[in-house]
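I have placed the structure first, in the form of structure tokens, so that the comments after it can refer back to it.
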Amino acid sequence: MGLLTEGESALRGRIGHAIFSRVAGPDGPAHRARIHGTPGPRWFGPERPIRRVHGDASMFTGGLAALLLQSLHPLAMAAVAGHSGFRGDPWGRLQRTSAFLAVTTYGTAADAQRAVDRVRTVHDTVRGTTADGEEYRAADPRLLCWVHVAEVDCFLRAHQRYGARPLDDEGCDGYVADMARVATALGVPDPPVDRAGLAERLTAYRAELRATPEARGTARFLLFHPPVPLLARLPYGVLAANAVSLLPTWASRALWLPRVPPAESVCVRPLGTAVTATIRWALTPPRDPA
């Protein structure tokens, strides 16, 4: 591509700043400088698949899909509904999640461990009882594993469909293995380390999953009443439709989410690819002409 004109560069900067400030928060630039600029060993080297996946704009769609899929475990949904405050402060929750992903993926090993320790401390305080009388604990290893495998599956599916550089088979297995490193630190025993293990573990949870009223309410909130500016509603709607298209059919049906498979291939996915490419373009700093 040729060099951007001054007007194009300014537009790119405005869009990129708007997206980054929403996702990373007001302290985003300072956090980014610390994460990437602090010397020291990392959990993951620059060649690792986790860096490619988490650095791509496809994460926006993958993250939405992960939230929808995770909500289908009644205990996980009860913990989120009762303790996360995502409705009152959805952007704050997103910023905390993105900061955790950034630190554990790109930060120093010491900073990554501190981030994990903070999350584990919070998990230890999250416990309660569902409307059906079931007790839950966020630190429950089985519940942690469900949240983990749902997240890994959706992030990887989104990257392979919308990412700028999809991974080969070895890279896909490598991504699952990289994420297992983080999961182990968070308290997940024996997380899957390749795609076959990931698929097997997801299947093992199937009997525990169902759409509670809270899960369907969360889906409506995320997809139809998002806390985004009016101008962002259309691109957000495209990302949301593509997040739904990533879900297994049984999951979208359980959440009462409409899907028209022919429209997905003809319209939804091409639009998703275009919006993801636009976000990627906006968030990529322009090259210095020198």
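As shown in the structure tokens, the chain order sets the letters A, B, ...; within each chain, residues go from 1, and ligands are also counted from 1 in the order they appear.
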Name all residues at most 12 Å from Ser252 in chain A (count only C-alpha atoms; drop same-chain ones fewer than 5 positions away) and give them as a PDB file with C-alpha atoms, in the first residue's frame.
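Saved to around34.pdb:
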```pdb
ATOM      1  CA  ALA A  65     -18.474 -15.256  21.006  1.00  0.00           C
ATOM      2  CA  LEU A  68     -21.972 -15.937  24.774  1.00  0.00           C
ATOM      3  CA  LEU A  69     -20.645 -19.480  24.960  1.00  0.00           C
ATOM      4  CA  SER A  71     -22.836 -17.905  29.654  1.00  0.00           C
ATOM      5  CA  LEU A  72     -24.309 -21.329  28.927  1.00  0.00           C
ATOM      6  CA  ARG A 210     -28.138 -24.792  29.375  1.00  0.00           C
ATOM      7  CA  ALA A 211     -29.483 -21.310  28.733  1.00  0.00           C
ATOM      8  CA  ALA A 215     -27.762 -16.151  29.961  1.00  0.00           C
ATOM      9  CA  ARG A 216     -30.464 -15.088  27.496  1.00  0.00           C
ATOM     10  CA  ALA A 219     -27.081 -12.264  25.072  1.00  0.00           C
ATOM     11  CA  ALA A 241     -23.613 -11.206  14.019  1.00  0.00           C
ATOM     12  CA  ASN A 242     -20.289 -12.814  13.243  1.00  0.00           C
ATOM     13  CA  ALA A 243     -19.793 -13.758  16.898  1.00  0.00           C
ATOM     14  CA  VAL A 244     -23.117 -15.594  16.786  1.00  0.00           C
ATOM     15  CA  SER A 245     -22.045 -17.337  13.571  1.00  0.00           C
ATOM     16  CA  LEU A 246     -19.009 -18.743  15.407  1.00  0.00           C
ATOM     17  CA  LEU A 247     -21.165 -20.528  17.982  1.00  0.00           C
ATOM     18  CA  LEU A 257     -30.359 -16.245  18.655  1.00  0.00           C
ATOM     19  CA  PRO A 258     -31.638 -16.185  15.068  1.00  0.00           C
ATOM     20  CA  ARG A 259     -29.376 -17.580  12.360  1.00  0.00           C
ATOM     21  CA  VAL A 260     -29.826 -17.969   8.611  1.00  0.00           C
TER      22      VAL A 260
END
```
Exercise. As a PyMOL selection string, which residues of range 22-257 of chain A does DSSP assign to alpha helix (DSSP H)?
Worked result: chain A and resi 22-24+28-37+49-54+59-70+74-83+90-106+109-125+141-162+169-186+195-204+213-224+233-246+249-254
Problem set entry | Shell of 10 Å around Glu151 in chain A, only C-alpha atoms, local chain residues under 5 positions omitted, as number ranges by chain | A: 62-70, 145-146, 156-157, 179
Exercise. Quick one: residues within 12 Å of Val193 in chain A, only C-alpha atoms counted, chain neighbours fewer than 5 positions away excluded, as a PyMOL selection string?
Worked result: chain A and resi 148-149+152-153+170-184+198-201
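When only C-alpha atoms are used to measure the gap to Ala207 in chain A, the shortest distance among A:Ala274, A:Asp111, A:Arg118, A:His73 belongs to A:His73.
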For this session: Run DSSP on the backbone of this structure and report the residues of range 108-221 of chain A it assigns to strand (DSSP E), as a PyMOL selection string.
Result: chain A and resi 127-129+135-137
For this session: Find the residues around Glu47 in chain A up to 12 Å (only C-alpha atoms counted), leave out those fewer than 2 positions away in its own chain, and share them as a VMD selection string.
Result: chain A and resid 42 to 45 49 to 53 105 to 106 171 174 to 175 178
Restrict the selected residues to all heavy atoms and save them as a CSV table (one decimal), in the first residue's frame.
```csv
chain,number,residue,atom,x,y,z
A,42,ARG,N,9.9,-13.3,29.2
A,42,ARG,CA,8.5,-13.5,29.0
A,42,ARG,C,8.0,-14.9,29.1
A,42,ARG,O,8.8,-15.8,28.9
A,42,ARG,CB,8.1,-12.9,27.6
A,42,ARG,CG,7.6,-11.5,27.6
A,42,ARG,CD,8.7,-10.5,27.8
A,42,ARG,NE,8.2,-9.1,27.6
A,42,ARG,CZ,8.8,-8.0,28.0
A,42,ARG,NH1,10.0,-8.1,28.6
A,42,ARG,NH2,8.2,-6.8,27.9
A,43,TRP,N,6.7,-15.1,29.4
A,43,TRP,CA,6.2,-16.4,29.3
A,43,TRP,C,6.2,-16.9,27.8
A,43,TRP,O,6.3,-18.1,27.6
A,43,TRP,CB,4.7,-16.4,29.8
A,43,TRP,CG,4.6,-16.5,31.3
A,43,TRP,CD1,5.7,-16.5,32.2
A,43,TRP,CD2,3.4,-16.5,32.1
A,43,TRP,NE1,5.2,-16.5,33.5
A,43,TRP,CE2,3.8,-16.5,33.4
A,43,TRP,CE3,2.1,-16.4,31.8
A,43,TRP,CZ2,2.9,-16.5,34.5
A,43,TRP,CZ3,1.1,-16.4,32.8
A,43,TRP,CH2,1.6,-16.5,34.1
A,44,PHE,N,6.0,-16.0,26.9
A,44,PHE,CA,5.9,-16.4,25.5
A,44,PHE,C,6.9,-15.5,24.6
A,44,PHE,O,6.8,-14.3,24.7
A,44,PHE,CB,4.5,-16.2,25.0
A,44,PHE,CG,3.5,-16.9,25.8
A,44,PHE,CD1,2.7,-16.2,26.7
A,44,PHE,CD2,3.4,-18.3,25.8
A,44,PHE,CE1,1.7,-16.9,27.5
A,44,PHE,CE2,2.5,-19.0,26.6
A,44,PHE,CZ,1.6,-18.3,27.5
A,45,GLY,N,7.7,-16.2,23.8
A,45,GLY,CA,8.6,-15.5,22.9
A,45,GLY,C,7.8,-14.9,21.7
A,45,GLY,O,6.7,-15.3,21.4
A,49,PRO,N,2.5,-18.7,18.9
A,49,PRO,CA,1.2,-18.4,18.3
A,49,PRO,C,0.3,-17.5,19.1
A,49,PRO,O,-0.5,-16.8,18.5
A,49,PRO,CB,0.5,-19.8,18.1
A,49,PRO,CG,1.7,-20.8,18.1
A,49,PRO,CD,2.7,-20.2,19.0
A,50,ILE,N,0.4,-17.6,20.4
A,50,ILE,CA,-0.5,-16.7,21.2
A,50,ILE,C,-0.3,-15.3,20.9
A,50,ILE,O,-1.3,-14.5,21.0
A,50,ILE,CB,-0.3,-17.0,22.7
A,50,ILE,CG1,-1.4,-16.4,23.6
A,50,ILE,CG2,1.1,-16.6,23.2
A,50,ILE,CD1,-1.3,-16.8,25.1
A,51,ARG,N,0.9,-14.9,20.6
A,51,ARG,CA,1.1,-13.5,20.2
A,51,ARG,C,0.4,-13.1,18.9
A,51,ARG,O,-0.1,-12.0,18.8
A,51,ARG,CB,2.6,-13.2,20.1
A,51,ARG,CG,3.3,-13.2,21.5
A,51,ARG,CD,4.7,-12.6,21.3
A,51,ARG,NE,5.3,-12.4,22.6
A,51,ARG,CZ,6.1,-11.3,22.9
A,51,ARG,NH1,6.4,-10.5,21.9
A,51,ARG,NH2,6.6,-11.1,24.1
A,52,ARG,N,0.4,-14.0,18.0
A,52,ARG,CA,-0.2,-13.7,16.7
A,52,ARG,C,-1.7,-13.5,16.9
A,52,ARG,O,-2.4,-12.6,16.4
A,52,ARG,CB,0.1,-14.7,15.7
A,52,ARG,CG,-0.5,-14.3,14.3
A,52,ARG,CD,-0.4,-15.5,13.3
A,52,ARG,NE,0.9,-16.0,13.0
A,52,ARG,CZ,1.2,-16.9,12.1
A,52,ARG,NH1,0.2,-17.4,11.3
A,52,ARG,NH2,2.4,-17.3,11.9
A,53,VAL,N,-2.3,-14.5,17.6
A,53,VAL,CA,-3.8,-14.5,17.8
A,53,VAL,C,-4.2,-13.3,18.6
A,53,VAL,O,-5.1,-12.6,18.2
A,53,VAL,CB,-4.2,-15.8,18.5
A,53,VAL,CG1,-5.7,-15.7,18.8
A,53,VAL,CG2,-3.9,-17.0,17.6
A,105,THR,N,0.3,-12.2,27.8
A,105,THR,CA,0.8,-12.6,26.4
A,105,THR,C,2.1,-11.9,26.1
A,105,THR,O,3.0,-12.5,25.6
A,105,THR,CB,-0.3,-12.2,25.4
A,105,THR,OG1,-1.5,-12.8,25.6
A,105,THR,CG2,0.2,-12.6,24.0
A,106,TYR,N,2.2,-10.6,26.4
A,106,TYR,CA,3.4,-9.8,26.0
A,106,TYR,C,4.2,-9.3,27.1
A,106,TYR,O,5.4,-8.9,26.9
A,106,TYR,CB,2.9,-8.6,25.2
A,106,TYR,CG,2.0,-9.0,24.0
A,106,TYR,CD1,0.6,-8.8,24.1
A,106,TYR,CD2,2.5,-9.5,22.8
A,106,TYR,CE1,-0.2,-9.1,23.0
A,106,TYR,CE2,1.7,-9.8,21.8
A,106,TYR,CZ,0.4,-9.6,21.9
A,106,TYR,OH,-0.4,-9.9,20.8
A,171,GLY,N,0.5,-24.5,14.4
A,171,GLY,CA,0.3,-23.3,15.1
A,171,GLY,C,-1.0,-23.3,15.9
A,171,GLY,O,-1.0,-22.8,17.0
A,174,GLY,N,-0.3,-25.2,18.9
A,174,GLY,CA,0.6,-24.4,19.7
A,174,GLY,C,-0.1,-23.3,20.5
A,174,GLY,O,0.2,-23.0,21.6
A,175,TYR,N,-1.2,-22.7,19.9
A,175,TYR,CA,-2.0,-21.7,20.6
A,175,TYR,C,-2.7,-22.3,21.8
A,175,TYR,O,-2.7,-21.7,22.9
A,175,TYR,CB,-3.0,-21.1,19.6
A,175,TYR,CG,-3.9,-20.1,20.3
A,175,TYR,CD1,-3.4,-18.9,20.8
A,175,TYR,CD2,-5.2,-20.4,20.5
A,175,TYR,CE1,-4.2,-18.0,21.5
A,175,TYR,CE2,-6.1,-19.6,21.2
A,175,TYR,CZ,-5.6,-18.3,21.7
A,175,TYR,OH,-6.4,-17.5,22.4
A,178,ASP,N,-0.1,-22.8,24.4
A,178,ASP,CA,0.2,-21.5,25.0
A,178,ASP,C,-0.8,-21.1,26.1
A,178,ASP,O,-0.5,-20.7,27.2
A,178,ASP,CB,0.4,-20.4,24.0
A,178,ASP,CG,1.6,-20.6,23.1
A,178,ASP,OD1,2.5,-21.4,23.5
A,178,ASP,OD2,1.7,-19.9,22.1
```
For this session: Find, counting only C-alpha atoms, the residue in A:Leu223, A:Ala76, A:Ala57, A:Ala110 that gets nearest to Pro41 in chain A.
Result: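 Answer, going by the shortest atom-to-atom distance: A:Ala110.
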For this session: Tell me, in Å to one decimal, how far CA of Ala78 in chain A is from CA of Val238 in chain A.
Result: 27.9 Å
Problem set entry | Nearest to Pro270 in chain A, chosen from A:Arg161, A:His83, A:Arg34, A:Arg206, with only C-alpha atoms counted in the distances |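 Once distances to Pro270 in chain A are computed over only C-alpha atoms, the minimum belongs to A:Arg161.
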Problem set entry | Interatomic distance (Å, one decimal) between CA of Val116 in chain A and CA of Leu283 in chain A |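 Going from CA of Val116 in chain A over to CA of Leu283 in chain A covers 26.6 Å.
Counting only C-alpha atoms, the residue from A:Gly133, A:Arg142, A:Trp250, A:Leu255 that sits nearest to Thr218 in chain A is A:Leu255.
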Problem set entry | Of the listed residues A:Arg280, A:Thr125, A:Asp140, A:Gln113, that which approaches Pro189 in chain A most closely, counting only C-alpha atoms |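 Closest candidate: A:Asp140.
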For this session: May I ask for the distance between CA of His36 in chain A and CA of Ala158 in chain A, given in Å to one decimal place?
Result: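 If I compute the distance from CA of His36 in chain A to CA of Ala158 in chain A, I get 24.6 Å.
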